[in-house]
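Everything below belongs to data14.csv, which stores CSV, C-alpha atoms.
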chain,number,residue,atom,x,y,z
A,1,MET,CA,-54.0,133.4,-195.9
A,2,ALA,CA,-54.0,136.2,-193.3
A,3,VAL,CA,-53.5,139.9,-193.9
A,4,LEU,CA,-51.5,141.7,-191.2
A,5,ASP,CA,-52.7,145.0,-189.8
A,6,SER,CA,-49.7,145.0,-187.5
A,7,LEU,CA,-47.0,142.7,-186.4
A,8,TRP,CA,-49.3,140.6,-184.2
A,9,LEU,CA,-52.8,141.6,-185.3
A,10,PRO,CA,-53.8,139.5,-188.3
A,11,ARG,CA,-57.0,140.2,-190.3
A,12,SER,CA,-59.0,137.3,-191.8
A,13,THR,CA,-59.5,137.1,-195.5
A,14,CYS,CA,-62.9,135.4,-195.0
A,15,GLY,CA,-65.8,137.5,-196.1
A,16,THR,CA,-69.6,137.3,-196.3
A,17,ASP,CA,-69.3,135.1,-199.3
A,18,CYS,CA,-68.3,132.4,-196.9
A,19,LEU,CA,-71.7,132.5,-195.2
A,20,PRO,CA,-74.7,130.4,-196.1
A,21,GLU,CA,-77.8,131.9,-197.8
A,22,PRO,CA,-80.0,133.8,-195.3
A,23,SER,CA,-82.9,131.4,-195.9
A,24,ALA,CA,-80.9,128.2,-195.4
A,25,ARG,CA,-82.0,126.0,-192.5
A,26,VAL,CA,-83.8,128.5,-190.3
A,27,VAL,CA,-86.3,127.9,-187.5
A,28,PRO,CA,-89.8,129.5,-187.2
A,29,ARG,CA,-90.0,133.0,-185.8
A,30,LEU,CA,-91.7,131.8,-182.7
A,31,ILE,CA,-88.7,129.7,-181.8
A,32,MET,CA,-86.4,132.6,-182.6
A,33,ALA,CA,-88.3,134.8,-180.2
A,34,LYS,CA,-88.2,132.1,-177.5
A,35,ARG,CA,-84.4,131.8,-177.9
A,36,ILE,CA,-83.9,135.6,-177.6
A,37,VAL,CA,-86.0,135.8,-174.4
A,38,VAL,CA,-84.4,132.8,-172.7
A,39,THR,CA,-80.8,133.8,-173.6
A,40,GLY,CA,-81.4,137.3,-172.6
A,41,ALA,CA,-82.8,136.2,-169.2
A,42,VAL,CA,-79.7,134.0,-168.7
A,43,LEU,CA,-77.4,136.9,-169.4
A,44,VAL,CA,-79.3,139.3,-167.1
A,45,PHE,CA,-79.2,136.7,-164.4
A,46,ALA,CA,-75.5,136.2,-164.9
A,47,ALA,CA,-74.9,140.0,-164.7
A,48,LEU,CA,-76.9,140.3,-161.6
A,49,SER,CA,-75.0,137.5,-160.0
A,50,VAL,CA,-71.6,139.1,-160.5
A,51,PRO,CA,-71.3,140.3,-156.8
A,52,VAL,CA,-72.0,136.7,-155.7
A,53,LEU,CA,-69.7,135.1,-158.3
A,54,ALA,CA,-66.8,137.4,-157.2
A,55,LEU,CA,-67.0,135.9,-153.7
A,56,LEU,CA,-66.9,132.2,-154.8
A,57,PRO,CA,-63.8,130.1,-154.4
A,58,GLN,CA,-62.3,129.0,-157.7
A,59,ARG,CA,-63.8,125.5,-157.8
A,60,HIS,CA,-67.3,126.9,-157.3
A,61,LEU,CA,-66.7,129.6,-159.8
A,62,VAL,CA,-65.7,127.0,-162.4
A,63,ARG,CA,-69.0,125.2,-161.8
A,64,ALA,CA,-70.9,128.4,-162.0
A,65,GLN,CA,-69.3,129.5,-165.3
A,66,ARG,CA,-69.9,126.0,-166.7
A,67,GLY,CA,-73.6,126.2,-165.8
A,68,LEU,CA,-74.0,129.7,-167.2
A,69,ALA,CA,-72.3,128.8,-170.5
A,70,ARG,CA,-74.4,125.7,-170.9
A,71,ALA,CA,-77.6,127.7,-170.1
A,72,VAL,CA,-76.7,130.2,-172.9
A,73,LEU,CA,-76.1,127.4,-175.4
A,74,ALA,CA,-79.4,125.8,-174.4
A,75,GLY,CA,-81.2,129.1,-174.7
A,76,LEU,CA,-79.8,129.5,-178.3
A,77,GLY,CA,-80.9,125.9,-179.2
A,78,ILE,CA,-77.3,124.8,-179.8
A,79,LYS,CA,-76.2,121.3,-179.1
A,80,HIS,CA,-72.6,120.8,-178.0
A,81,SER,CA,-70.3,117.9,-177.2
A,82,ALA,CA,-66.7,117.4,-176.2
A,83,SER,CA,-64.2,114.6,-176.7
A,84,GLY,CA,-60.6,113.9,-175.8
A,85,ARG,CA,-58.9,114.7,-172.5
A,86,ILE,CA,-59.7,118.3,-171.6
A,87,PRO,CA,-57.1,119.7,-169.2
A,88,GLN,CA,-58.2,120.3,-165.7
A,89,ALA,CA,-55.1,122.1,-164.4
A,90,GLY,CA,-51.8,123.5,-165.4
A,91,ALA,CA,-52.2,123.8,-169.2
A,92,LEU,CA,-52.4,126.3,-172.1
A,93,LEU,CA,-55.5,125.4,-174.2
A,94,VAL,CA,-55.2,126.7,-177.8
A,95,ALA,CA,-58.1,126.6,-180.2
A,96,ASN,CA,-59.1,127.6,-183.7
A,97,HIS,CA,-61.3,130.7,-183.8
A,98,VAL,CA,-64.6,130.8,-185.7
A,99,SER,CA,-67.1,132.7,-183.6
A,100,TRP,CA,-68.0,134.5,-180.4
A,101,LEU,CA,-69.6,131.1,-179.5
A,102,ASP,CA,-66.1,129.6,-179.2
A,103,VAL,CA,-65.7,131.2,-175.8
A,104,ILE,CA,-69.0,129.9,-174.6
A,105,VAL,CA,-68.5,126.3,-175.6
A,106,ILE,CA,-65.0,126.2,-174.1
A,107,LEU,CA,-66.4,127.5,-170.8
A,108,ALA,CA,-69.1,124.9,-171.0
A,109,HIS,CA,-66.5,122.1,-171.0
A,110,ALA,CA,-63.2,123.4,-169.6
A,111,PRO,CA,-62.2,125.0,-166.3
A,112,ALA,CA,-60.5,127.7,-168.2
A,113,ARG,CA,-59.8,131.4,-167.9
A,114,LEU,CA,-59.9,133.2,-171.3
A,115,LEU,CA,-57.6,135.6,-173.1
A,116,ALA,CA,-59.7,138.3,-174.7
A,117,LYS,CA,-59.2,141.6,-176.4
A,118,ARG,CA,-59.3,144.6,-174.2
A,119,GLU,CA,-62.5,145.9,-175.9
A,120,VAL,CA,-64.5,143.1,-174.4
A,121,ARG,CA,-64.0,144.6,-170.9
A,122,SER,CA,-66.3,147.6,-171.9
A,123,TRP,CA,-69.1,145.5,-173.4
A,124,PRO,CA,-72.4,145.9,-171.5
A,125,LEU,CA,-73.1,142.9,-169.2
A,126,ILE,CA,-70.5,140.7,-170.8
A,127,GLY,CA,-67.4,142.8,-169.9
A,128,ARG,CA,-68.1,142.8,-166.2
A,129,LEU,CA,-68.9,139.1,-166.2
A,130,ALA,CA,-65.8,138.3,-168.1
A,131,ALA,CA,-63.6,140.2,-165.6
A,132,THR,CA,-65.3,138.4,-162.7
A,133,LEU,CA,-64.6,135.0,-164.3
A,134,GLY,CA,-60.9,135.9,-164.4
A,135,THR,CA,-60.5,136.8,-168.1
A,136,VAL,CA,-57.0,138.1,-169.1
A,137,PHE,CA,-57.4,141.1,-171.3
A,138,VAL,CA,-54.9,142.0,-174.0
A,139,ASP,CA,-54.5,145.3,-175.7
A,140,ARG,CA,-53.8,144.3,-179.3
A,141,SER,CA,-53.1,147.8,-180.4
A,142,ARG,CA,-50.1,148.0,-178.1
A,143,PRO,CA,-47.5,145.3,-179.0
A,144,LYS,CA,-45.3,146.6,-176.1
A,145,SER,CA,-47.9,145.3,-173.7
A,146,LEU,CA,-47.6,141.7,-175.0
A,147,PRO,CA,-44.7,140.6,-172.7
A,148,ALA,CA,-46.7,141.6,-169.6
A,149,THR,CA,-49.7,139.7,-170.9
A,150,VAL,CA,-47.7,136.6,-171.6
A,151,ALA,CA,-46.2,136.8,-168.1
A,152,GLU,CA,-49.7,137.0,-166.6
A,153,VAL,CA,-50.8,134.0,-168.5
A,154,SER,CA,-47.7,132.1,-167.5
A,155,ARG,CA,-48.2,132.9,-163.8
A,156,ASN,CA,-51.7,131.6,-164.0
A,157,ILE,CA,-50.9,128.3,-165.6
A,158,ALA,CA,-47.8,127.8,-163.5
A,159,ALA,CA,-50.1,128.1,-160.5
A,160,GLY,CA,-52.3,125.2,-161.8
A,161,GLY,CA,-54.7,127.2,-163.8
A,162,VAL,CA,-55.9,126.6,-167.4
A,163,VAL,CA,-56.0,129.5,-169.8
A,164,ALA,CA,-57.6,129.2,-173.2
A,165,VAL,CA,-56.3,131.3,-176.1
A,166,PHE,CA,-57.1,131.7,-179.8
A,167,PRO,CA,-53.6,132.0,-181.5
A,168,GLU,CA,-55.0,132.6,-185.0
A,169,GLY,CA,-55.5,136.1,-183.7
A,170,THR,CA,-58.9,136.6,-185.4
A,171,THR,CA,-61.9,134.7,-186.5
A,172,TRP,CA,-62.2,132.6,-189.7
A,173,CYS,CA,-65.2,131.1,-191.5
A,174,GLY,CA,-65.0,127.7,-189.9
A,175,ARG,CA,-62.1,126.0,-191.6
A,176,MET,CA,-58.5,126.3,-190.3
A,177,GLY,CA,-57.7,129.6,-191.9
A,178,GLY,CA,-54.8,131.0,-190.1
A,179,THR,CA,-51.6,129.6,-188.5
A,180,PHE,CA,-51.2,129.8,-184.8
A,181,ARG,CA,-49.0,132.7,-183.9
A,182,PRO,CA,-46.3,131.8,-181.4
A,183,ALA,CA,-46.4,134.7,-178.9
A,184,MET,CA,-48.7,133.1,-176.3
A,185,PHE,CA,-47.0,129.8,-176.5
A,186,GLN,CA,-44.1,131.4,-174.7
A,187,ALA,CA,-46.4,131.3,-171.6
A,188,ALA,CA,-46.4,127.5,-171.7
A,189,VAL,CA,-42.6,127.4,-172.2
A,190,ASP,CA,-41.9,129.8,-169.3
A,191,ALA,CA,-44.3,127.9,-167.0
A,192,GLY,CA,-43.1,124.5,-168.1
A,193,VAL,CA,-46.7,123.2,-168.7
A,194,PRO,CA,-48.2,121.4,-171.7
A,195,VAL,CA,-50.1,122.9,-174.6
A,196,VAL,CA,-53.5,121.2,-175.5
A,197,PRO,CA,-54.6,121.8,-179.1
A,198,VAL,CA,-58.4,122.0,-179.4
A,199,ARG,CA,-60.5,121.8,-182.6
A,200,LEU,CA,-63.9,123.5,-182.7
A,201,THR,CA,-66.3,122.3,-185.4
A,202,PHE,CA,-69.6,123.9,-186.2
A,203,ALA,CA,-72.3,121.9,-188.1
A,204,GLN,CA,-76.0,121.9,-189.0
A,205,SER,CA,-77.8,118.6,-189.1
A,206,GLY,CA,-74.3,116.9,-189.0
A,207,VAL,CA,-73.0,118.9,-192.0
A,208,VAL,CA,-70.1,121.4,-191.4
A,209,SER,CA,-71.6,124.9,-191.5
A,210,THR,CA,-70.3,128.5,-191.5
A,211,VAL,CA,-73.6,129.9,-190.2
A,212,ALA,CA,-72.0,130.8,-186.8
A,213,ALA,CA,-68.9,132.4,-188.2
A,214,PHE,CA,-68.2,136.0,-187.1
A,215,ILE,CA,-66.0,137.5,-189.8
A,216,GLY,CA,-65.0,140.6,-191.6
A,217,ASP,CA,-66.8,143.8,-190.8
A,218,GLU,CA,-70.0,142.1,-189.6
A,219,THR,CA,-71.6,143.4,-186.4
A,220,LEU,CA,-72.2,141.2,-183.4
A,221,LEU,CA,-75.9,141.8,-183.7
A,222,ALA,CA,-75.9,140.5,-187.3
A,223,SER,CA,-74.1,137.4,-186.3
A,224,LEU,CA,-76.4,136.9,-183.3
A,225,LYS,CA,-79.5,137.1,-185.5
A,226,ARG,CA,-78.1,134.4,-187.8
A,227,VAL,CA,-77.3,132.1,-184.8
A,228,VAL,CA,-80.7,132.6,-183.3
A,229,ALA,CA,-82.3,131.6,-186.6
A,230,ALA,CA,-80.1,128.6,-187.3
A,231,ARG,CA,-81.7,125.2,-187.3
A,232,ASP,CA,-80.0,122.2,-185.8
A,233,LEU,CA,-76.7,124.0,-185.0
A,234,SER,CA,-74.2,122.0,-183.1
A,235,ILE,CA,-70.6,122.6,-181.9
A,236,SER,CA,-68.1,119.9,-181.1
A,237,LEU,CA,-65.0,120.4,-179.1
A,238,ARG,CA,-62.1,117.9,-179.6
A,239,ALA,CA,-59.1,118.1,-177.3
A,240,HIS,CA,-56.0,116.6,-178.8
A,241,PRO,CA,-53.1,115.0,-176.9
A,242,LYS,CA,-50.8,117.3,-175.0
A,243,LEU,CA,-47.8,118.9,-176.6
A,244,HIS,CA,-44.9,119.5,-174.2
A,245,PRO,CA,-42.4,122.3,-174.5
A,246,ALA,CA,-38.9,121.3,-175.5
A,247,PRO,CA,-36.0,122.1,-173.2
A,248,CYS,CA,-35.2,125.8,-173.2
A,249,ASP,CA,-32.7,126.4,-175.9
A,250,PRO,CA,-32.8,129.9,-177.4
A,251,ASP,CA,-31.6,128.5,-180.8
A,252,THR,CA,-34.6,126.2,-181.2
A,253,HIS,CA,-37.3,128.8,-180.4
A,254,PRO,CA,-39.6,126.3,-178.6
A,255,ARG,CA,-42.6,128.6,-178.8
A,256,ARG,CA,-42.4,128.5,-182.6
A,257,VAL,CA,-42.0,124.7,-182.5
A,258,LEU,CA,-45.1,124.4,-180.3
A,259,ALA,CA,-47.1,126.8,-182.5
A,260,ARG,CA,-46.3,124.9,-185.7
A,261,ALA,CA,-47.1,121.5,-184.1
A,262,ALA,CA,-50.4,122.8,-182.7
A,263,THR,CA,-51.4,124.3,-186.0
A,264,ALA,CA,-50.7,121.0,-187.8
A,265,VAL,CA,-52.7,119.0,-185.2
A,266,VAL,CA,-55.8,121.3,-185.3
A,267,ALA,CA,-55.7,121.7,-189.1
A,268,ALA,CA,-55.6,118.0,-189.6

This structure in structure tokens:
Amino acid sequence: MAVLDSLWLPRSTCGTDCLPEPSARVVPRLIMAKRIVVTGAVLVFAALSVPVLALLPQRHLVRAQRGLARAVLAGLGIKHSASGRIPQAGALLVANHVSWLDVIVILAHAPARLLAKREVRSWPLIGRLAATLGTVFVDRSRPKSLPATVAEVSRNIAAGGVVAVFPEGTTWCGRMGGTFRPAMFQAAVDAGVPVVPVRLTFAQSGVVSTVAAFIGDETLLASLKRVVAARDLSISLRAHPKLHPAPCDPDTHPRRVLARAATAVVAA
């Protein structure tokens, strides 16, 4: 179950006890070093390319972000795959949240903008790149800003865009840990577009693994070290059939209906 720090800021109950032993399924140090160098080079290249990316039309920007995301995954030695019908336009994509890698694998397969916490905007390299790629930033410490964020997402998807969100509100250890919170589903209701539930599954050598989970008070550096060392890590993305908003009836709370349906689909 989730613990609430505020009305719409849940805190995962997953802890370091969910993680595998440090010595489990790791690669040699030479491979770790290679992964760090290659991934770092990709990120530096992406950061230096921001002025060019900012000038690209949307269709070329989507191709660029897909190429960069796949280059990062390749640099980290992560295999990835996608199944199901991934939305190409006019949809709200909702996914379970396990790791910072969730963002990268979604960008590798979907033409999506992301919803991210405001703090990401100030991260070195990543923040500027995220802004250039059209990320919608949300201030989770100010609930009063939520309607404006929902409206921004709604405008984007109504105009034919795809926005990816993580409605659990925080990361979990790899299994479906939290229910989808309904707030962002209102964007799909207002825009009259479908919701596409997505399940992300992490595995090592074909066995479900928590090695990439980013949970509790763990630092990004500690999580990155574990991912860099992981052997045979793979991520699969499965897009489930679309869920369509019910006719607007205040008594039915369609966003809550959508949230419960999407939670059930992804958890299954």

Dump as CSV the rows for residues of range 228-250 of chain A within 7 Å of range 76-97 of chain A: closest atom pair and distance in Å with one decimal, all atoms listed in the file counted, ordered by chain and rising residue number.
residue,atom,partner,partner_atom,distance
A:Val228,CA,A:Leu76,CA,6.0
A:Leu233,CA,A:Ile78,CA,5.3
A:Ser234,CA,A:Lys79,CA,4.5
A:Ile235,CA,A:His80,CA,4.7
A:Ser236,CA,A:Ser81,CA,4.9
A:Leu237,CA,A:Ala82,CA,4.5
A:Arg238,CA,A:Ser83,CA,4.9
A:Ala239,CA,A:Gly84,CA,4.7
A:His240,CA,A:Gly84,CA,6.1

Using all atoms listed in the file, what table do you get, as CSV, when you list each residue of range 71-95 of chain A with an atom no more than 10 Å from range 38-62 of chain A, its nearest pair of atoms, and their distance in Å rounded to one decimal, rows by chain then rising number?
residue,atom,partner,partner_atom,distance
A:Ala71,CA,A:Val42,CA,6.8
A:Val72,CA,A:Thr39,CA,5.5
A:Leu73,CA,A:Thr39,CA,8.1
A:Ala74,CA,A:Thr39,CA,8.2
A:Gly75,CA,A:Thr39,CA,4.8
A:Leu76,CA,A:Thr39,CA,6.4
A:Gly77,CA,A:Thr39,CA,9.7

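When only C-alpha atoms are used to compute distances to Arg255 in chain A, the closest of the residues A:Leu243, A:Val163, A:Leu125, A:Leu221 turns out to be A:Leu243.
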
Rounded to one decimal in Å, what is the spacing between CA of Arg155 in chain A and CA of Arg113 in chain A?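 CA of Arg155 in chain A sits 12.4 Å away from CA of Arg113 in chain A.
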
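If only C-alpha atoms are the atoms counted, then among A:Gly216, A:Pro197, A:Gly134, A:Pro245 the closest residue to Cys18 in chain A is A:Gly216.
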
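Between CA of Ser154 in chain A and CA of Ala187 in chain A the interatomic distance comes to 4.4 Å.
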
How would range 252-268 of chain A read, as a short mmCIF file (atom, residue, chain, number, x, y, z; two decimals), in the frame of the given file, once N, CA, C and O atoms are built in?
data_model
loop_
_atom_site.label_atom_id
_atom_site.label_comp_id
_atom_site.auth_asym_id
_atom_site.auth_seq_id
_atom_site.Cartn_x
_atom_site.Cartn_y
_atom_site.Cartn_z
N THR A 252 -33.55 127.04 -180.59
CA THR A 252 -34.60 126.20 -181.20
C THR A 252 -35.98 126.96 -181.18
O THR A 252 -36.92 126.50 -181.81
N HIS A 253 -36.09 128.09 -180.47
CA HIS A 253 -37.30 128.80 -180.40
C HIS A 253 -38.51 127.91 -180.09
O HIS A 253 -39.38 127.68 -180.92
N PRO A 254 -38.54 127.33 -178.89
CA PRO A 254 -39.60 126.30 -178.60
C PRO A 254 -40.99 126.80 -178.76
O PRO A 254 -41.86 126.01 -179.09
N ARG A 255 -41.25 128.09 -178.57
CA ARG A 255 -42.60 128.60 -178.80
C ARG A 255 -43.04 128.44 -180.22
O ARG A 255 -44.20 128.14 -180.53
N ARG A 256 -42.09 128.63 -181.14
CA ARG A 256 -42.40 128.50 -182.60
C ARG A 256 -42.64 127.03 -182.92
O ARG A 256 -43.51 126.70 -183.73
N VAL A 257 -41.85 126.16 -182.31
CA VAL A 257 -42.00 124.70 -182.50
C VAL A 257 -43.41 124.28 -182.07
O VAL A 257 -44.13 123.55 -182.75
N LEU A 258 -43.79 124.74 -180.88
CA LEU A 258 -45.10 124.40 -180.30
C LEU A 258 -46.22 124.96 -181.21
O LEU A 258 -47.22 124.27 -181.47
N ALA A 259 -46.07 126.18 -181.69
CA ALA A 259 -47.10 126.80 -182.50
C ALA A 259 -47.29 126.04 -183.82
O ALA A 259 -48.43 125.79 -184.26
N ARG A 260 -46.18 125.65 -184.45
CA ARG A 260 -46.30 124.90 -185.70
C ARG A 260 -46.93 123.52 -185.47
O ARG A 260 -47.77 123.08 -186.27
N ALA A 261 -46.54 122.86 -184.38
CA ALA A 261 -47.10 121.50 -184.10
C ALA A 261 -48.59 121.63 -183.79
O ALA A 261 -49.37 120.81 -184.27
N ALA A 262 -48.99 122.62 -183.00
CA ALA A 262 -50.40 122.80 -182.70
C ALA A 262 -51.23 123.13 -183.91
O ALA A 262 -52.35 122.64 -184.09
N THR A 263 -50.67 123.98 -184.78
CA THR A 263 -51.40 124.30 -186.00
C THR A 263 -51.61 123.07 -186.85
O THR A 263 -52.72 122.84 -187.38
N ALA A 264 -50.60 122.23 -186.98
CA ALA A 264 -50.70 121.00 -187.80
C ALA A 264 -51.75 120.06 -187.20
O ALA A 264 -52.56 119.47 -187.93
N VAL A 265 -51.77 119.93 -185.87
CA VAL A 265 -52.70 119.00 -185.20
C VAL A 265 -54.15 119.49 -185.42
O VAL A 265 -55.03 118.70 -185.80
N VAL A 266 -54.40 120.76 -185.18
CA VAL A 266 -55.80 121.30 -185.30
C VAL A 266 -56.23 121.33 -186.74
O VAL A 266 -57.39 121.02 -187.05
N ALA A 267 -55.33 121.67 -187.65
CA ALA A 267 -55.70 121.70 -189.10
C ALA A 267 -56.04 120.37 -189.63
O ALA A 267 -56.88 120.22 -190.51
N ALA A 268 -55.39 119.34 -189.09
CA ALA A 268 -55.60 118.00 -189.60
C ALA A 268 -57.03 117.49 -189.26
O ALA A 268 -57.58 116.67 -189.96
#
